[in-house]
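**Q** Handing you this structure, nothing more for now.
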Amino acid sequence: MIKVLMVCHGNICRSPMAEFVLKDMVSKENISDKFIIASAATSREEIGNPVHHGTRNKLAPFGISVTGKTAVQITKKDYEYYDYILIMDENNRRNLSRMFNNSSLSKVHGLLDFSENPRDIADPWYTGNFDITYDDIVEGCSTFLSWLKEKGEI
């Protein structure tokens, strides 16, 4: 079982988008049974809040529902449980480093680190552009899956 936790600042825009896009991808490849996929925030600001309407509206035309998802904060237990913690930007890495007392963070990777063009994924909370965020997340999730296949994990 490959356990993946998507992480962003508030867990209402990027990380739930990445969680549900990856769930959709593995479902379409009939490999859902090989994964546990979730998402969380580094901050407490949005805890308990539903997924941002921009993310819901972007995913709906693709038949991807986020119904029932509310923001949660990553815990030390999560860090120990998940195999891959995929962050959306370097601010997330800094926050995780502070939260976990500068641990090695060896499980932490940028979602786009697996692509040919590693970069941060812009936060649509600030940019208002859920299209670019979605395109980056799809690229990150698909290249992450390809990387897992190349490693022989799936």
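Starting from 1 in every chain, residues are counted up; chains themselves are A, B, ... following the order of the structure tokens, and ligands are numbered from 1 as listed.
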Residues near Gly63 (chain A), anyone? I mean within 12 Å using only C-alpha atoms, not counting same-chain ones fewer than 5 positions away, as a ChimeraX atom specification.
**A** /A:20-21,23-25,28,56-58
**Q** Identify, on the basis of only C-alpha atoms, every residue whose closest approach to Asp131 (chain A) does not exceed 12 Å; exclude the query and any residue fewer than 4 positions from it along the same chain; express the result as a list in words.
**A**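 So the residues in contact are Cys13, Arg14, Met17, Gly54, Thr55, Arg56, Asn57, Lys58, Leu59, Ile121, Ala122, Asp123, Pro124, Thr127, Asp135, Asp136, Ile137 and Val138 of chain A.
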**Q** Could you please take those selected residues and save N, CA, C and O atoms as a PDB file, in the first residue's frame?
**A**
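The result, written out as selection15.pdb:
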ATOM      1  N   CYS A  13      -7.670  24.493  -1.028  1.00  0.00           N
ATOM      2  CA  CYS A  13      -7.525  24.721  -2.469  1.00  0.00           C
ATOM      3  C   CYS A  13      -6.636  23.661  -3.120  1.00  0.00           C
ATOM      4  O   CYS A  13      -7.124  22.723  -3.738  1.00  0.00           O
ATOM      5  N   ARG A  14      -5.307  23.820  -2.983  1.00  0.00           N
ATOM      6  CA  ARG A  14      -4.369  22.982  -3.731  1.00  0.00           C
ATOM      7  C   ARG A  14      -4.299  21.539  -3.257  1.00  0.00           C
ATOM      8  O   ARG A  14      -4.379  20.611  -4.071  1.00  0.00           O
ATOM      9  N   MET A  17      -7.354  19.543  -4.047  1.00  0.00           N
ATOM     10  CA  MET A  17      -7.409  19.356  -5.494  1.00  0.00           C
ATOM     11  C   MET A  17      -6.466  18.218  -5.882  1.00  0.00           C
ATOM     12  O   MET A  17      -6.848  17.310  -6.646  1.00  0.00           O
ATOM     13  N   GLY A  54     -13.717  27.527  -5.615  1.00  0.00           N
ATOM     14  CA  GLY A  54     -12.934  27.530  -6.854  1.00  0.00           C
ATOM     15  C   GLY A  54     -12.408  26.148  -7.203  1.00  0.00           C
ATOM     16  O   GLY A  54     -12.418  25.741  -8.373  1.00  0.00           O
ATOM     17  N   THR A  55     -11.962  25.408  -6.194  1.00  0.00           N
ATOM     18  CA  THR A  55     -11.501  24.035  -6.411  1.00  0.00           C
ATOM     19  C   THR A  55     -12.684  23.140  -6.769  1.00  0.00           C
ATOM     20  O   THR A  55     -12.613  22.356  -7.715  1.00  0.00           O
ATOM     21  N   ARG A  56     -13.773  23.256  -6.029  1.00  0.00           N
ATOM     22  CA  ARG A  56     -14.971  22.448  -6.327  1.00  0.00           C
ATOM     23  C   ARG A  56     -15.447  22.708  -7.761  1.00  0.00           C
ATOM     24  O   ARG A  56     -15.736  21.763  -8.500  1.00  0.00           O
ATOM     25  N   ASN A  57     -15.499  23.981  -8.139  1.00  0.00           N
ATOM     26  CA  ASN A  57     -15.974  24.342  -9.481  1.00  0.00           C
ATOM     27  C   ASN A  57     -15.027  23.869 -10.572  1.00  0.00           C
ATOM     28  O   ASN A  57     -15.463  23.518 -11.674  1.00  0.00           O
ATOM     29  N   LYS A  58     -13.737  23.861 -10.302  1.00  0.00           N
ATOM     30  CA  LYS A  58     -12.760  23.409 -11.304  1.00  0.00           C
ATOM     31  C   LYS A  58     -12.852  21.896 -11.503  1.00  0.00           C
ATOM     32  O   LYS A  58     -12.717  21.403 -12.624  1.00  0.00           O
ATOM     33  N   LEU A  59     -13.050  21.141 -10.434  1.00  0.00           N
ATOM     34  CA  LEU A  59     -13.066  19.680 -10.516  1.00  0.00           C
ATOM     35  C   LEU A  59     -14.390  19.113 -11.009  1.00  0.00           C
ATOM     36  O   LEU A  59     -14.415  18.046 -11.634  1.00  0.00           O
ATOM     37  N   ILE A 121       3.659  25.187  -6.953  1.00  0.00           N
ATOM     38  CA  ILE A 121       2.313  25.296  -7.507  1.00  0.00           C
ATOM     39  C   ILE A 121       1.674  26.529  -6.877  1.00  0.00           C
ATOM     40  O   ILE A 121       1.545  26.617  -5.650  1.00  0.00           O
ATOM     41  N   ALA A 122       1.309  27.475  -7.717  1.00  0.00           N
ATOM     42  CA  ALA A 122       0.752  28.741  -7.240  1.00  0.00           C
ATOM     43  C   ALA A 122      -0.539  28.511  -6.461  1.00  0.00           C
ATOM     44  O   ALA A 122      -1.353  27.656  -6.808  1.00  0.00           O
ATOM     45  N   ASP A 123      -0.713  29.297  -5.411  1.00  0.00           N
ATOM     46  CA  ASP A 123      -1.891  29.194  -4.562  1.00  0.00           C
ATOM     47  C   ASP A 123      -3.026  30.031  -5.152  1.00  0.00           C
ATOM     48  O   ASP A 123      -2.958  31.259  -5.170  1.00  0.00           O
ATOM     49  N   PRO A 124      -4.095  29.386  -5.624  1.00  0.00           N
ATOM     50  CA  PRO A 124      -5.192  30.133  -6.240  1.00  0.00           C
ATOM     51  C   PRO A 124      -5.978  30.979  -5.241  1.00  0.00           C
ATOM     52  O   PRO A 124      -6.761  31.831  -5.644  1.00  0.00           O
ATOM     53  N   THR A 127      -3.930  33.937  -6.233  1.00  0.00           N
ATOM     54  CA  THR A 127      -3.893  34.272  -7.661  1.00  0.00           C
ATOM     55  C   THR A 127      -5.279  34.331  -8.284  1.00  0.00           C
ATOM     56  O   THR A 127      -5.464  35.006  -9.289  1.00  0.00           O
ATOM     57  N   ASP A 135      -3.835  22.600 -13.855  1.00  0.00           N
ATOM     58  CA  ASP A 135      -2.899  22.056 -14.851  1.00  0.00           C
ATOM     59  C   ASP A 135      -1.611  21.590 -14.194  1.00  0.00           C
ATOM     60  O   ASP A 135      -1.086  20.518 -14.522  1.00  0.00           O
ATOM     61  N   ASP A 136      -1.088  22.376 -13.244  1.00  0.00           N
ATOM     62  CA  ASP A 136       0.138  21.988 -12.531  1.00  0.00           C
ATOM     63  C   ASP A 136      -0.087  20.739 -11.689  1.00  0.00           C
ATOM     64  O   ASP A 136       0.774  19.851 -11.627  1.00  0.00           O
ATOM     65  N   ILE A 137      -1.221  20.650 -11.047  1.00  0.00           N
ATOM     66  CA  ILE A 137      -1.520  19.481 -10.209  1.00  0.00           C
ATOM     67  C   ILE A 137      -1.680  18.228 -11.064  1.00  0.00           C
ATOM     68  O   ILE A 137      -1.167  17.161 -10.700  1.00  0.00           O
ATOM     69  N   VAL A 138      -2.340  18.340 -12.190  1.00  0.00           N
ATOM     70  CA  VAL A 138      -2.466  17.179 -13.090  1.00  0.00           C
ATOM     71  C   VAL A 138      -1.074  16.733 -13.552  1.00  0.00           C
ATOM     72  O   VAL A 138      -0.764  15.534 -13.541  1.00  0.00           O
TER      73      VAL A 138
END
**Q** Would you work out the distance separating CA of Ser115 (chain A) from CA of Lys34 (chain A), expressed in Å to one decimal?
**A**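 Between CA of Ser115 (chain A) and CA of Lys34 (chain A) the gap is 22.0 Å.
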**Q** Please measure the separation of CA of Asp33 (chain A) and CA of Gly110 (chain A), giving the value in Å to one decimal.
**A**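 A separation of 24.0 Å between them.
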**Q** Between A:Arg98, A:Tyr82, A:Trp125, A:Ile2, which one has atoms that come closest to His52 (chain A), using only C-alpha atoms?
**A**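 Among A:Arg98, A:Tyr82, A:Trp125, A:Ile2, it is A:Trp125 that comes nearest to His52 (chain A).
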**Q** Mind listing the helix (DSSP H, G or I) residues of chain A, per DSSP on the backbone, as a PyMOL selection string?
**A** chain A and resi 14-28+32-34+53-62+76-81+90-99+111-114+124-127+130-150
**Q** Which residue, A:Leu148, A:Ile132, A:Ala40, A:Ile31, has the smallest gap to Gly10 (chain A) when you use only C-alpha atoms?
**A** A:Ala40
**Q** To test your reading of the structure, identify every residue in region 15-64 of chain A that backbone DSSP assigns to strand (DSSP E), and report it as number ranges by chain.
**A** A: 35-41
**Q** Out of A:Phe62, A:Ser97, A:Glu90, A:Tyr126, which residue has the shortest atom-to-atom distance to Lys76 (chain A) when counting only C-alpha atoms?
**A** A:Ser97
**Q** Which one is closest to Glu45 (chain A): A:His109, A:His9, A:Lys3, A:Arg119? Count only C-alpha atoms.
**A**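 Going through A:His109, A:His9, A:Lys3, A:Arg119 one by one, the smallest distance to Glu45 (chain A) is for A:His9.
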**Q** Given only C-alpha atoms as the basis, pick out the residue of A:Ile87, A:Met1, A:Ala60, A:Cys8 nearest to Cys141 (chain A).
**A**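 Of the candidates, the smallest distance to Cys141 (chain A) is held by A:Ile87.
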**Q** Need the shell around Leu145 (chain A): protein/DNA/RNA residues with any atom at most 10 Å away, counting only C-alpha atoms. Skip same-chain ones fewer than 6 positions apart. Format as a list in words?
**A**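 Near Leu145 (chain A), the qualifying residues are Leu22, Met25, Val26, Phe114, Lys151, Glu153 and Ile154 of chain A.
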**Q** Could you list, as an MDAnalysis selection string, every residue within 12 Å of Ala38 (chain A), counting only C-alpha atoms and ignoring same-chain residues fewer than 2 positions away?
**A** chainID A and resid 2:8 11 15:23 35:36 40:41 66 69:74 78 81:86
**Q** Please write the residues from the selection above to a file, keeping C-alpha atoms, as a PDB file, in the first residue's frame.
**A**
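Result file part.pdb:
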ATOM      1  CA  ILE A   2       1.380   3.389  -1.050  1.00  0.00           C
ATOM      2  CA  LYS A   3       0.306   6.101   1.379  1.00  0.00           C
ATOM      3  CA  VAL A   4       0.320   9.652  -0.037  1.00  0.00           C
ATOM      4  CA  LEU A   5      -0.486  12.871   1.816  1.00  0.00           C
ATOM      5  CA  MET A   6      -0.896  16.084  -0.187  1.00  0.00           C
ATOM      6  CA  VAL A   7      -0.035  19.203   1.813  1.00  0.00           C
ATOM      7  CA  CYS A   8      -0.590  22.926   1.331  1.00  0.00           C
ATOM      8  CA  ASN A  11      -6.076  22.423   2.885  1.00  0.00           C
ATOM      9  CA  SER A  15      -3.921  19.919  -1.519  1.00  0.00           C
ATOM     10  CA  PRO A  16      -7.543  18.747  -1.748  1.00  0.00           C
ATOM     11  CA  MET A  17      -7.409  19.356  -5.494  1.00  0.00           C
ATOM     12  CA  ALA A  18      -4.282  17.181  -5.659  1.00  0.00           C
ATOM     13  CA  GLU A  19      -5.823  14.548  -3.373  1.00  0.00           C
ATOM     14  CA  PHE A  20      -8.925  14.127  -5.499  1.00  0.00           C
ATOM     15  CA  VAL A  21      -7.128  14.396  -8.854  1.00  0.00           C
ATOM     16  CA  LEU A  22      -4.740  11.620  -7.809  1.00  0.00           C
ATOM     17  CA  LYS A  23      -7.639   9.516  -6.491  1.00  0.00           C
ATOM     18  CA  PHE A  35      -3.161   3.593  -2.494  1.00  0.00           C
ATOM     19  CA  ILE A  36      -4.243   5.558   0.510  1.00  0.00           C
ATOM     20  CA  ALA A  40      -3.804  18.223   5.064  1.00  0.00           C
ATOM     21  CA  ALA A  41      -2.719  21.760   5.922  1.00  0.00           C
ATOM     22  CA  VAL A  66     -14.839  16.660  -3.003  1.00  0.00           C
ATOM     23  CA  LYS A  69     -13.835  16.931   2.629  1.00  0.00           C
ATOM     24  CA  THR A  70     -12.975  19.501   5.288  1.00  0.00           C
ATOM     25  CA  ALA A  71      -9.617  21.013   6.151  1.00  0.00           C
ATOM     26  CA  VAL A  72      -7.387  19.193   8.643  1.00  0.00           C
ATOM     27  CA  GLN A  73      -3.891  19.936   9.886  1.00  0.00           C
ATOM     28  CA  ILE A  74      -0.994  17.526   9.424  1.00  0.00           C
ATOM     29  CA  ASP A  78       0.632  11.648   9.778  1.00  0.00           C
ATOM     30  CA  TYR A  81       2.194   7.060   8.682  1.00  0.00           C
ATOM     31  CA  TYR A  82       2.484   8.330   5.107  1.00  0.00           C
ATOM     32  CA  ASP A  83       5.176   7.179   2.665  1.00  0.00           C
ATOM     33  CA  TYR A  84       5.073  10.337   0.549  1.00  0.00           C
ATOM     34  CA  ILE A  85       4.216  13.823   1.719  1.00  0.00           C
ATOM     35  CA  LEU A  86       3.795  15.920  -1.398  1.00  0.00           C
TER      36      LEU A  86
END
**Q** Find the residue from A:Ile37, A:Ile12, A:Leu111, A:Ile64 that sits nearest to Phe144 (chain A); use only C-alpha atoms when measuring.
**A**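 Ranked by minimum distance to Phe144 (chain A), first place goes to A:Leu111.
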**Q** Which distance in Å separates CA of Tyr79 (chain A) and CA of Glu46 (chain A), to one decimal?
**A**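 CA of Glu46 (chain A) lies 19.8 Å from CA of Tyr79 (chain A).
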